[in-house]
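Below is coords-v5.pdb, holding PDB, C-alpha atoms.
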ATOM      1  CA  MET A  10     -27.268  84.526  66.042
ATOM      2  CA  GLY A  11     -25.577  86.583  63.317
ATOM      3  CA  ARG A  12     -27.138  89.696  61.765
ATOM      4  CA  GLU A  13     -30.636  90.581  62.917
ATOM      5  CA  ILE A  14     -33.205  88.954  60.669
ATOM      6  CA  LYS A  15     -36.784  90.179  60.876
ATOM      7  CA  LYS A  16     -38.152  89.349  57.421
ATOM      8  CA  ILE A  17     -37.163  86.756  54.839
ATOM      9  CA  GLY A  18     -38.485  85.862  51.412
ATOM     10  CA  VAL A  19     -38.788  82.484  49.716
ATOM     11  CA  LEU A  20     -39.165  81.793  46.000
ATOM     12  CA  THR A  21     -39.098  78.894  43.577
ATOM     13  CA  SER A  22     -37.269  79.350  40.287
ATOM     14  CA  GLY A  23     -36.768  77.453  37.048
ATOM     15  CA  GLY A  24     -38.598  74.194  36.392
ATOM     16  CA  ASP A  25     -41.080  73.030  39.025
ATOM     17  CA  ALA A  26     -40.434  69.846  40.973
ATOM     18  CA  PRO A  27     -42.564  67.770  43.368
ATOM     19  CA  GLY A  28     -41.524  68.624  46.915
ATOM     20  CA  MET A  29     -41.084  72.350  46.346
ATOM     21  CA  ASN A  30     -44.222  72.958  48.402
ATOM     22  CA  ALA A  31     -42.755  70.979  51.287
ATOM     23  CA  ALA A  32     -39.675  73.216  51.116
ATOM     24  CA  ILE A  33     -41.815  76.372  51.121
ATOM     25  CA  ARG A  34     -43.802  75.053  54.082
ATOM     26  CA  ALA A  35     -40.634  74.317  56.041
ATOM     27  CA  VAL A  36     -39.220  77.794  55.390
ATOM     28  CA  VAL A  37     -42.453  79.504  56.427
ATOM     29  CA  ARG A  38     -43.048  77.517  59.581
ATOM     30  CA  CYS A  39     -39.420  77.439  60.724
ATOM     31  CA  GLY A  40     -39.277  81.174  60.135
ATOM     32  CA  ILE A  41     -42.396  81.759  62.215
ATOM     33  CA  TYR A  42     -41.042  79.401  64.901
ATOM     34  CA  ASN A  43     -37.998  81.678  65.140
ATOM     35  CA  GLY A  44     -40.101  84.824  65.358
ATOM     36  CA  ILE A  45     -39.524  86.210  61.868
ATOM     37  CA  GLU A  46     -41.915  87.159  59.087
ATOM     38  CA  VAL A  47     -41.801  85.144  55.879
ATOM     39  CA  TYR A  48     -42.900  86.496  52.511
ATOM     40  CA  GLY A  49     -43.718  84.312  49.544
ATOM     41  CA  VAL A  50     -42.294  85.704  46.306
ATOM     42  CA  LYS A  51     -44.462  84.852  43.283
ATOM     43  CA  LYS A  52     -43.226  83.574  39.917
ATOM     44  CA  GLY A  53     -39.536  83.289  40.744
ATOM     45  CA  TYR A  54     -37.180  86.218  40.303
ATOM     46  CA  ASN A  55     -39.874  88.058  38.360
ATOM     47  CA  GLY A  56     -41.790  88.483  41.593
ATOM     48  CA  LEU A  57     -38.755  89.850  43.373
ATOM     49  CA  ILE A  58     -38.188  92.436  40.651
ATOM     50  CA  ASN A  59     -41.845  93.471  40.542
ATOM     51  CA  GLY A  60     -42.591  93.289  44.260
ATOM     52  CA  ASP A  61     -45.126  90.503  43.799
ATOM     53  CA  VAL A  62     -44.942  89.128  47.337
ATOM     54  CA  GLU A  63     -47.323  88.183  50.126
ATOM     55  CA  LEU A  64     -46.943  87.684  53.854
ATOM     56  CA  MET A  65     -47.338  84.010  54.676
ATOM     57  CA  GLU A  66     -48.820  82.698  57.907
ATOM     58  CA  ALA A  67     -48.614  79.186  59.304
ATOM     59  CA  ARG A  68     -51.949  78.363  57.717
ATOM     60  CA  SER A  69     -50.816  79.770  54.370
ATOM     61  CA  VAL A  70     -48.856  76.559  53.903
ATOM     62  CA  GLY A  71     -51.406  74.168  55.373
ATOM     63  CA  GLU A  72     -52.502  71.226  53.214
ATOM     64  CA  ILE A  73     -49.740  71.698  50.619
ATOM     65  CA  LEU A  74     -47.350  68.849  51.483
ATOM     66  CA  GLN A  75     -49.197  66.465  49.185
ATOM     67  CA  LYS A  76     -49.402  68.869  46.251
ATOM     68  CA  GLY A  77     -47.052  68.812  43.288
ATOM     69  CA  GLY A  78     -45.766  71.941  41.590
ATOM     70  CA  THR A  79     -45.293  75.106  43.643
ATOM     71  CA  ILE A  80     -47.939  77.301  45.239
ATOM     72  CA  LEU A  81     -45.674  80.306  44.639
ATOM     73  CA  GLN A  82     -45.492  79.455  40.928
ATOM     74  CA  THR A  83     -42.239  79.618  39.030
ATOM     75  CA  ALA A  84     -40.832  81.148  35.868
ATOM     76  CA  ARG A  85     -37.602  81.873  34.078
ATOM     77  CA  CYS A  86     -36.676  85.549  34.202
ATOM     78  CA  LEU A  87     -34.693  87.004  31.298
ATOM     79  CA  GLU A  88     -34.549  90.416  32.969
ATOM     80  CA  PHE A  89     -32.737  88.892  35.919
ATOM     81  CA  LYS A  90     -29.854  87.811  33.689
ATOM     82  CA  GLU A  91     -28.872  91.462  33.351
ATOM     83  CA  GLU A  92     -27.168  93.453  36.118
ATOM     84  CA  ALA A  93     -29.950  96.019  36.030
ATOM     85  CA  GLY A  94     -32.522  93.328  36.753
ATOM     86  CA  VAL A  95     -30.581  92.018  39.750
ATOM     87  CA  ARG A  96     -30.126  95.542  41.087
ATOM     88  CA  LYS A  97     -33.842  96.217  40.762
ATOM     89  CA  ALA A  98     -34.618  93.005  42.653
ATOM     90  CA  VAL A  99     -32.290  93.992  45.502
ATOM     91  CA  GLU A 100     -33.801  97.470  45.675
ATOM     92  CA  THR A 101     -37.312  96.012  45.788
ATOM     93  CA  ALA A 102     -36.312  93.627  48.574
ATOM     94  CA  LYS A 103     -34.894  96.512  50.601
ATOM     95  CA  GLU A 104     -38.045  98.579  50.084
ATOM     96  CA  LEU A 105     -40.086  95.643  51.388
ATOM     97  CA  GLY A 106     -37.762  95.241  54.364
ATOM     98  CA  ILE A 107     -36.673  91.735  53.353
ATOM     99  CA  ASP A 108     -33.418  90.910  55.154
ATOM    100  CA  GLY A 109     -32.659  87.608  53.435
ATOM    101  CA  LEU A 110     -33.906  85.300  50.698
ATOM    102  CA  ILE A 111     -34.220  81.530  50.227
ATOM    103  CA  VAL A 112     -34.274  80.164  46.671
ATOM    104  CA  VAL A 113     -35.369  76.711  45.512
ATOM    105  CA  GLY A 114     -34.174  75.750  42.035
ATOM    106  CA  GLY A 115     -31.331  74.545  39.831
ATOM    107  CA  ASP A 116     -27.965  75.857  38.662
ATOM    108  CA  GLY A 117     -29.478  78.899  36.966
ATOM    109  CA  SER A 118     -31.311  79.774  40.162
ATOM    110  CA  PHE A 119     -28.053  79.392  42.101
ATOM    111  CA  ARG A 120     -26.355  81.917  39.817
ATOM    112  CA  GLY A 121     -29.188  84.330  40.537
ATOM    113  CA  ALA A 122     -28.753  83.773  44.284
ATOM    114  CA  ARG A 123     -25.031  84.453  43.960
ATOM    115  CA  ASP A 124     -25.670  87.685  42.064
ATOM    116  CA  LEU A 125     -28.106  88.865  44.731
ATOM    117  CA  CYS A 126     -25.494  88.237  47.425
ATOM    118  CA  ARG A 127     -22.933  90.249  45.484
ATOM    119  CA  MET A 128     -25.336  93.202  45.466
ATOM    120  CA  GLY A 129     -26.099  93.012  49.148
ATOM    121  CA  LEU A 130     -29.078  90.684  49.641
ATOM    122  CA  PRO A 131     -28.105  87.642  51.772
ATOM    123  CA  THR A 132     -29.371  84.560  49.956
ATOM    124  CA  ILE A 133     -29.354  80.802  50.589
ATOM    125  CA  ALA A 134     -30.268  78.216  47.916
ATOM    126  CA  MET A 135     -31.395  74.610  47.867
ATOM    127  CA  PRO A 136     -31.503  72.200  44.898
ATOM    128  CA  GLY A 137     -34.912  71.546  43.384
ATOM    129  CA  THR A 138     -34.999  69.770  40.013
ATOM    130  CA  ILE A 139     -36.325  66.427  38.824
ATOM    131  CA  ASP A 140     -33.173  65.852  36.731
ATOM    132  CA  ASN A 141     -30.916  65.323  39.806
ATOM    133  CA  ASP A 142     -28.179  67.073  37.839
ATOM    134  CA  ILE A 143     -26.966  69.537  40.491
ATOM    135  CA  SER A 144     -23.288  68.705  40.821
ATOM    136  CA  CYS A 145     -22.863  69.723  44.453
ATOM    137  CA  SER A 146     -25.609  67.467  45.785
ATOM    138  CA  GLU A 147     -26.172  63.732  45.675
ATOM    139  CA  TYR A 148     -29.914  64.340  45.626
ATOM    140  CA  THR A 149     -32.264  67.084  44.426
ATOM    141  CA  ILE A 150     -35.864  67.744  45.431
ATOM    142  CA  GLY A 151     -38.316  66.088  43.040
ATOM    143  CA  TYR A 152     -36.088  63.329  41.685
ATOM    144  CA  ASP A 153     -37.626  60.396  43.551
ATOM    145  CA  THR A 154     -41.167  61.402  42.629
ATOM    146  CA  CYS A 155     -40.149  61.727  38.989
ATOM    147  CA  LEU A 156     -38.591  58.254  38.990
ATOM    148  CA  ASN A 157     -41.767  56.745  40.390
ATOM    149  CA  THR A 158     -43.883  58.560  37.792
ATOM    150  CA  VAL A 159     -41.708  57.219  34.990
ATOM    151  CA  ILE A 160     -41.716  53.678  36.364
ATOM    152  CA  GLU A 161     -45.503  53.650  36.595
ATOM    153  CA  ALA A 162     -45.752  54.733  32.960
ATOM    154  CA  VAL A 163     -43.153  52.243  31.735
ATOM    155  CA  ASP A 164     -44.797  49.359  33.587
ATOM    156  CA  LYS A 165     -48.057  50.142  31.796
ATOM    157  CA  LEU A 166     -46.297  50.410  28.442
ATOM    158  CA  ARG A 167     -44.629  47.063  29.073
ATOM    159  CA  ASP A 168     -48.064  45.448  29.390
ATOM    160  CA  THR A 169     -49.102  46.534  25.920
ATOM    161  CA  SER A 170     -45.629  45.880  24.458
ATOM    162  CA  SER A 171     -45.788  42.333  25.736
ATOM    163  CA  SER A 172     -49.306  41.835  24.408
ATOM    164  CA  HIS A 173     -48.320  43.012  20.921
ATOM    165  CA  GLU A 174     -44.705  41.736  20.926
ATOM    166  CA  ARG A 175     -43.381  45.249  20.399
ATOM    167  CA  CYS A 176     -40.377  47.327  21.257
ATOM    168  CA  SER A 177     -41.283  50.406  23.316
ATOM    169  CA  VAL A 178     -38.930  53.363  22.952
ATOM    170  CA  ILE A 179     -39.596  55.742  25.853
ATOM    171  CA  GLU A 180     -38.116  59.230  26.009
ATOM    172  CA  VAL A 181     -37.710  60.621  29.515
ATOM    173  CA  MET A 182     -36.615  64.062  30.690
ATOM    174  CA  GLY A 183     -32.980  64.968  31.211
ATOM    175  CA  ARG A 184     -31.757  67.447  28.628
ATOM    176  CA  GLY A 185     -28.121  67.280  29.621
ATOM    177  CA  ALA A 186     -28.205  64.496  32.173
ATOM    178  CA  GLY A 187     -29.142  60.837  32.041
ATOM    179  CA  TYR A 188     -29.890  60.158  35.702
ATOM    180  CA  ILE A 189     -33.623  59.649  35.192
ATOM    181  CA  ALA A 190     -32.994  57.409  32.198
ATOM    182  CA  VAL A 191     -30.376  55.221  33.887
ATOM    183  CA  GLU A 192     -32.173  54.616  37.174
ATOM    184  CA  THR A 193     -35.533  53.970  35.540
ATOM    185  CA  ALA A 194     -33.868  51.641  33.024
ATOM    186  CA  ILE A 195     -32.553  49.523  35.899
ATOM    187  CA  ALA A 196     -35.830  49.646  37.807
ATOM    188  CA  CYS A 197     -37.999  48.651  34.840
ATOM    189  CA  GLY A 198     -35.640  46.099  33.309
ATOM    190  CA  ALA A 199     -34.922  47.958  30.077
ATOM    191  CA  GLU A 200     -32.717  46.257  27.520
ATOM    192  CA  VAL A 201     -31.160  49.515  26.294
ATOM    193  CA  VAL A 202     -30.611  53.004  27.716
ATOM    194  CA  LEU A 203     -29.244  55.981  25.771
ATOM    195  CA  VAL A 204     -27.929  59.046  27.621
ATOM    196  CA  PRO A 205     -26.073  62.199  26.546
ATOM    197  CA  GLU A 206     -23.075  61.534  28.818
ATOM    198  CA  PHE A 207     -21.994  58.366  26.977
ATOM    199  CA  GLU A 208     -21.354  57.947  23.270
ATOM    200  CA  PHE A 209     -22.963  54.924  21.681
ATOM    201  CA  ASP A 210     -22.839  52.977  18.450
ATOM    202  CA  PHE A 211     -26.428  52.485  17.318
ATOM    203  CA  ASN A 212     -25.853  49.141  15.622
ATOM    204  CA  ARG A 213     -23.733  47.664  18.411
ATOM    205  CA  ASP A 214     -25.484  49.146  21.447
ATOM    206  CA  VAL A 215     -29.078  49.093  20.259
ATOM    207  CA  ILE A 216     -29.752  46.883  17.245
ATOM    208  CA  GLU A 217     -27.429  44.026  18.202
ATOM    209  CA  VAL A 218     -28.666  43.979  21.792
ATOM    210  CA  ILE A 219     -32.274  43.724  20.625
ATOM    211  CA  LYS A 220     -31.437  41.062  18.030
ATOM    212  CA  LYS A 221     -29.650  38.954  20.634
ATOM    213  CA  GLY A 222     -32.684  39.227  22.864
ATOM    214  CA  ILE A 223     -34.965  38.081  20.055
ATOM    215  CA  ALA A 224     -32.640  35.152  19.395
ATOM    216  CA  ARG A 225     -32.968  34.145  23.069
ATOM    217  CA  GLY A 226     -36.726  34.168  22.782
ATOM    218  CA  LYS A 227     -37.619  37.676  23.958
ATOM    219  CA  LYS A 228     -40.933  38.822  22.529
ATOM    220  CA  HIS A 229     -40.757  42.499  23.510
ATOM    221  CA  CYS A 230     -38.235  45.023  24.757
ATOM    222  CA  ILE A 231     -37.906  48.403  26.451
ATOM    223  CA  VAL A 232     -35.537  51.149  25.299
ATOM    224  CA  ILE A 233     -35.143  54.238  27.518
ATOM    225  CA  VAL A 234     -33.876  57.415  25.835
ATOM    226  CA  ALA A 235     -32.865  60.577  27.695
ATOM    227  CA  GLU A 236     -34.256  63.848  26.370
ATOM    228  CA  GLY A 237     -30.709  65.028  25.662
ATOM    229  CA  VAL A 238     -30.317  62.206  23.135
ATOM    230  CA  GLY A 239     -33.821  62.690  21.754
ATOM    231  CA  GLY A 240     -35.228  61.294  18.534
ATOM    232  CA  ALA A 241     -37.385  58.583  20.110
ATOM    233  CA  VAL A 242     -39.661  58.421  17.064
ATOM    234  CA  GLU A 243     -36.734  58.050  14.657
ATOM    235  CA  ILE A 244     -35.051  55.509  16.948
ATOM    236  CA  ALA A 245     -38.221  53.397  17.031
ATOM    237  CA  LYS A 246     -38.434  53.541  13.244
ATOM    238  CA  LYS A 247     -34.826  52.368  12.845
ATOM    239  CA  ILE A 248     -35.298  49.557  15.340
ATOM    240  CA  GLN A 249     -38.312  48.263  13.434
ATOM    241  CA  GLU A 250     -36.479  48.472  10.106
ATOM    242  CA  GLU A 251     -33.349  46.701  11.372
ATOM    243  CA  THR A 252     -34.865  44.046  13.649
ATOM    244  CA  GLY A 253     -38.313  43.429  12.218
ATOM    245  CA  MET A 254     -39.845  43.951  15.670
ATOM    246  CA  GLU A 255     -42.769  46.346  15.628
ATOM    247  CA  SER A 256     -41.699  49.452  17.538
ATOM    248  CA  ARG A 257     -43.526  52.409  19.065
ATOM    249  CA  ALA A 258     -42.208  55.635  20.593
ATOM    250  CA  THR A 259     -43.626  57.330  23.666
ATOM    251  CA  ILE A 260     -42.435  60.747  24.869
ATOM    252  CA  LEU A 261     -43.457  61.167  28.509
ATOM    253  CA  GLY A 262     -42.796  64.915  28.607
ATOM    254  CA  HIS A 263     -43.932  67.179  31.426
ATOM    255  CA  VAL A 264     -46.069  64.541  33.127
ATOM    256  CA  GLN A 265     -42.775  63.720  34.867
ATOM    257  CA  ARG A 266     -42.773  67.077  36.670
ATOM    258  CA  GLY A 267     -46.155  66.705  38.336
ATOM    259  CA  GLY A 268     -47.818  64.557  40.919
ATOM    260  CA  SER A 269     -47.902  64.216  44.673
ATOM    261  CA  PRO A 270     -44.340  64.053  46.067
ATOM    262  CA  THR A 271     -43.054  60.839  47.598
ATOM    263  CA  VAL A 272     -42.110  60.503  51.257
ATOM    264  CA  LYS A 273     -38.444  61.012  50.370
ATOM    265  CA  ASP A 274     -39.096  64.277  48.559
ATOM    266  CA  ARG A 275     -41.325  65.589  51.344
ATOM    267  CA  VAL A 276     -38.770  64.775  54.038
ATOM    268  CA  VAL A 277     -35.659  65.977  52.171
ATOM    269  CA  ALA A 278     -37.384  69.206  51.116
ATOM    270  CA  SER A 279     -38.518  69.853  54.685
ATOM    271  CA  GLN A 280     -35.015  69.281  56.027
ATOM    272  CA  MET A 281     -33.460  71.543  53.422
ATOM    273  CA  GLY A 282     -35.987  74.296  54.020
ATOM    274  CA  ALA A 283     -35.327  74.254  57.753
ATOM    275  CA  LYS A 284     -31.560  74.256  57.171
ATOM    276  CA  CYS A 285     -31.812  77.322  54.924
ATOM    277  CA  VAL A 286     -33.614  79.287  57.642
ATOM    278  CA  GLU A 287     -30.973  78.275  60.200
ATOM    279  CA  LEU A 288     -28.186  79.501  57.939
ATOM    280  CA  LEU A 289     -29.752  82.923  57.463
ATOM    281  CA  LEU A 290     -30.298  83.238  61.205
ATOM    282  CA  ASP A 291     -26.649  82.315  61.761
ATOM    283  CA  GLY A 292     -25.553  85.174  59.534
ATOM    284  CA  LYS A 293     -24.618  82.971  56.562
ATOM    285  CA  GLU A 294     -25.166  83.880  52.927
ATOM    286  CA  ASN A 295     -24.137  82.774  49.435
ATOM    287  CA  ARG A 296     -24.556  79.133  50.463
ATOM    288  CA  VAL A 297     -26.201  76.074  48.920
ATOM    289  CA  VAL A 298     -27.741  73.387  51.115
ATOM    290  CA  CYS A 299     -26.889  69.991  49.675
ATOM    291  CA  ILE A 300     -26.414  66.320  50.480
ATOM    292  CA  ARG A 301     -22.815  65.071  50.473
ATOM    293  CA  ASN A 302     -21.839  61.556  51.554
ATOM    294  CA  GLY A 303     -25.358  61.067  52.856
ATOM    295  CA  GLU A 304     -25.243  64.133  55.124
ATOM    296  CA  MET A 305     -26.912  67.514  54.774
ATOM    297  CA  VAL A 306     -24.277  70.252  54.554
ATOM    298  CA  ASP A 307     -23.863  73.719  53.066
ATOM    299  CA  ILE A 308     -21.181  75.034  50.707
ATOM    300  CA  GLU A 309     -20.354  78.261  48.889
ATOM    301  CA  ILE A 310     -22.436  78.833  45.760
ATOM    302  CA  GLU A 311     -19.285  79.461  43.691
ATOM    303  CA  GLU A 312     -17.896  76.094  44.763
ATOM    304  CA  ALA A 313     -21.202  74.416  43.973
ATOM    305  CA  LEU A 314     -21.314  75.893  40.474
ATOM    306  CA  SER A 315     -17.745  74.795  39.729
ATOM    307  CA  MET A 316     -18.402  71.129  40.471
ATOM    308  CA  LYS A 317     -18.950  68.460  37.841
ATOM    309  CA  LYS A 318     -21.258  65.497  38.315
ATOM    310  CA  GLN A 319     -20.408  62.207  36.636
ATOM    311  CA  LEU A 320     -23.001  59.628  35.718
ATOM    312  CA  SER A 321     -22.045  56.248  37.158
ATOM    313  CA  TYR A 322     -20.147  53.878  34.868
ATOM    314  CA  GLU A 323     -21.143  51.085  37.230
ATOM    315  CA  LEU A 324     -24.849  51.706  36.701
ATOM    316  CA  MET A 325     -24.417  51.770  32.929
ATOM    317  CA  GLY A 326     -22.537  48.487  33.137
ATOM    318  CA  LEU A 327     -25.213  46.982  35.350
ATOM    319  CA  ILE A 328     -27.876  47.628  32.719
ATOM    320  CA  ARG A 329     -25.859  45.656  30.163
ATOM    321  CA  LYS A 330     -25.374  42.770  32.587
ATOM    322  CA  LEU A 331     -29.052  42.612  33.552
ATOM    323  CA  SER A 332     -30.346  42.764  29.985
ATOM    324  CA  VAL A 333     -28.933  39.355  28.964
TER     325      VAL A 333
END
Target format structure tokens, applied to this file:
Amino acid sequence: MGREIKKIGVLTSGGDAPGMNAAIRAVVRCGIYNGIEVYGVKKGYNGLINGDVELMEARSVGEILQKGGTILQTARCLEFKEEAGVRKAVETAKELGIDGLIVVGGDGSFRGARDLCRMGLPTIAMPGTIDNDISCSEYTIGYDTCLNTVIEAVDKLRDTSSSHERCSVIEVMGRGAGYIAVETAIACGAEVVLVPEFEFDFNRDVIEVIKKGIARGKKHCIVIVAEGVGGAVEIAKKIQEETGMESRATILGHVQRGGSPTVKDRVVASQMGAKCVELLLDGKENRVVCIRNGEMVDIEIEEALSMKKQLSYELMGLIRKLSV
């Protein structure tokens, strides 16, 4: 045991992700198991600033494993980006007797956790985002559920594309990262995938690929576009003009954030939540729980924020090979 921990808080910040509830449940029940009180902080860092917290019992987190979203709700907090906002949050935590905090979120949430540590509130973070774009971790809570949601939608779109001999251009989430786009493209057999990490020539990498497919007898095709590339409607229009194949755009949007989490997301979130509690009890702070080389580890938040994550060249190449 490190410092004495009697009360901890848990919050979810940034975009919601399936599996966040499993993480909350693990924090609450592992905290209670270790004889400490756990407080749920509502609406992200806003709740910490405003003292919007509630004591959570074991039953407070009953029947939530299967639920998407987050029972604590989440929000982005502009006030928290200022030093005064962070200071107010720390003061509120001290008034409430909270000895440590666990944060579930993305890079922006990690920066908030780091700032809290600098002002005296021990904080541990874990990665929760459907984009899987946290550089320090091979996997983030919510990613697997998102992939399965996208695949289900694309499979249904393929049915109608095949029936009408169309090209379906499907825009998936991933503002600055193409992980969702690439893995779903492989899983659904897409002919083309466009992501922000890789430059592309529209004629060579889109039009010519589709034309070659038509020449081989293909009657329909699937194009996956990451949100960071955008322009699905315009892309569909250009494809129809250049190839003659009727094309339709579908933007999946926030449907990708919701839904009951998969087994993987429930298990990983539970493991991460338990690990965060252990770290606080061991006197650790300013750490991120992450998966590296298939193992669950923890690293300094500063180190985590400095890392860069590279989308796999091999996966991009595989899509080209499989689309022949």
Nearest candidate to Ser172 in chain A (options A:Cys230, A:Met316, A:Leu110, A:Val19; using only C-alpha atoms):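 Answer, going by the shortest atom-to-atom distance: A:Cys230.
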field: Residues matched by the PyMOL selection byres ((chain A and resi 44) around 12) as number ranges by chain
entry: A: 13-17, 37-43, 45-47, 66-67, 286, 290
- prompt: So, counting all atoms listed in the file, which residue among A:Ile133, A:Ile308, A:Cys145, A:Ala32 is closest to Gly77 in chain A?
  reply: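 Counting all atoms listed in the file, the residue closest to Gly77 in chain A is A:Ala32.
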- prompt: CA of Lys76 in chain A to CA of Leu20 in chain A: how many Å, to one decimal?
  reply: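 Going from CA of Lys76 in chain A over to CA of Leu20 in chain A, I get 16.5 Å.
In this model, the gap between CA of Ile310 in chain A and CA of Leu324 in chain A comes to 28.7 Å.
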- line: For Val178 in chain A, the closest of A:Lys228, A:Arg96, A:Arg257, A:Lys165 counting all atoms listed in the file is A:Arg257
message: Using Å and a single decimal, report how far CA of Asn141 in chain A sits from CA of Arg266 in chain A.
response: 12.4 Å
statement: In terms of all atoms listed in the file, the residue from A:Cys197, A:Ala31, A:Val333, A:Val272 at minimal distance from Gly137 in chain A is A:Ala31
- prompt: From the set A:Arg296, A:Lys317, A:Arg68, A:Lys90, which residue has the shortest atom-to-atom contact distance to Val112 in chain A, counting all atoms listed in the file?
  reply: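 Closest residue, counting all atoms listed in the file: A:Arg296.
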message: Residue by residue, what does the PyMOL selection byres ((chain A and resi 312) around 12) grab here? Present the result as an MDAnalysis selection string.
response: chainID A and resid 116 119:120 123 143:146 295:297 299 307:311 313:317
task: Name the residues within 7 Å of (-42.2, 93.9, 45.7), counting only C-alpha atoms in the file's coordinates, and put them as a list of chain:residue names.
output: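 Using only C-alpha atoms, the matching residues come out as A:Gly56, A:Leu57, A:Ile58, A:Asn59, A:Gly60, A:Asp61, A:Val62, A:Thr101, A:Ala102, A:Leu105.
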- request: Give the answer as one residue: which of A:Leu87, A:Val204, A:Ile139, A:Ile248 has the shortest atom-to-atom distance to Gly121 in chain A, using all atoms listed in the file?
  value: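 The shortest atom-to-atom distance to Gly121 in chain A comes from A:Leu87.
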message: Quick check on the file I pasted: which residues fall under the PyMOL selection byres ((chain A and resi 199) around 9)? Write them as a list in words.
response: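 So the PyMOL selection byres ((chain A and resi 199) around 9), applied here, picks out Thr193, Ala194, Ile195, Ala196, Cys197, Gly198, Glu200, Val201, Val202, Cys230, Ile231, Val232, Ile233, Ile328, Leu331 and Ser332 of chain A.
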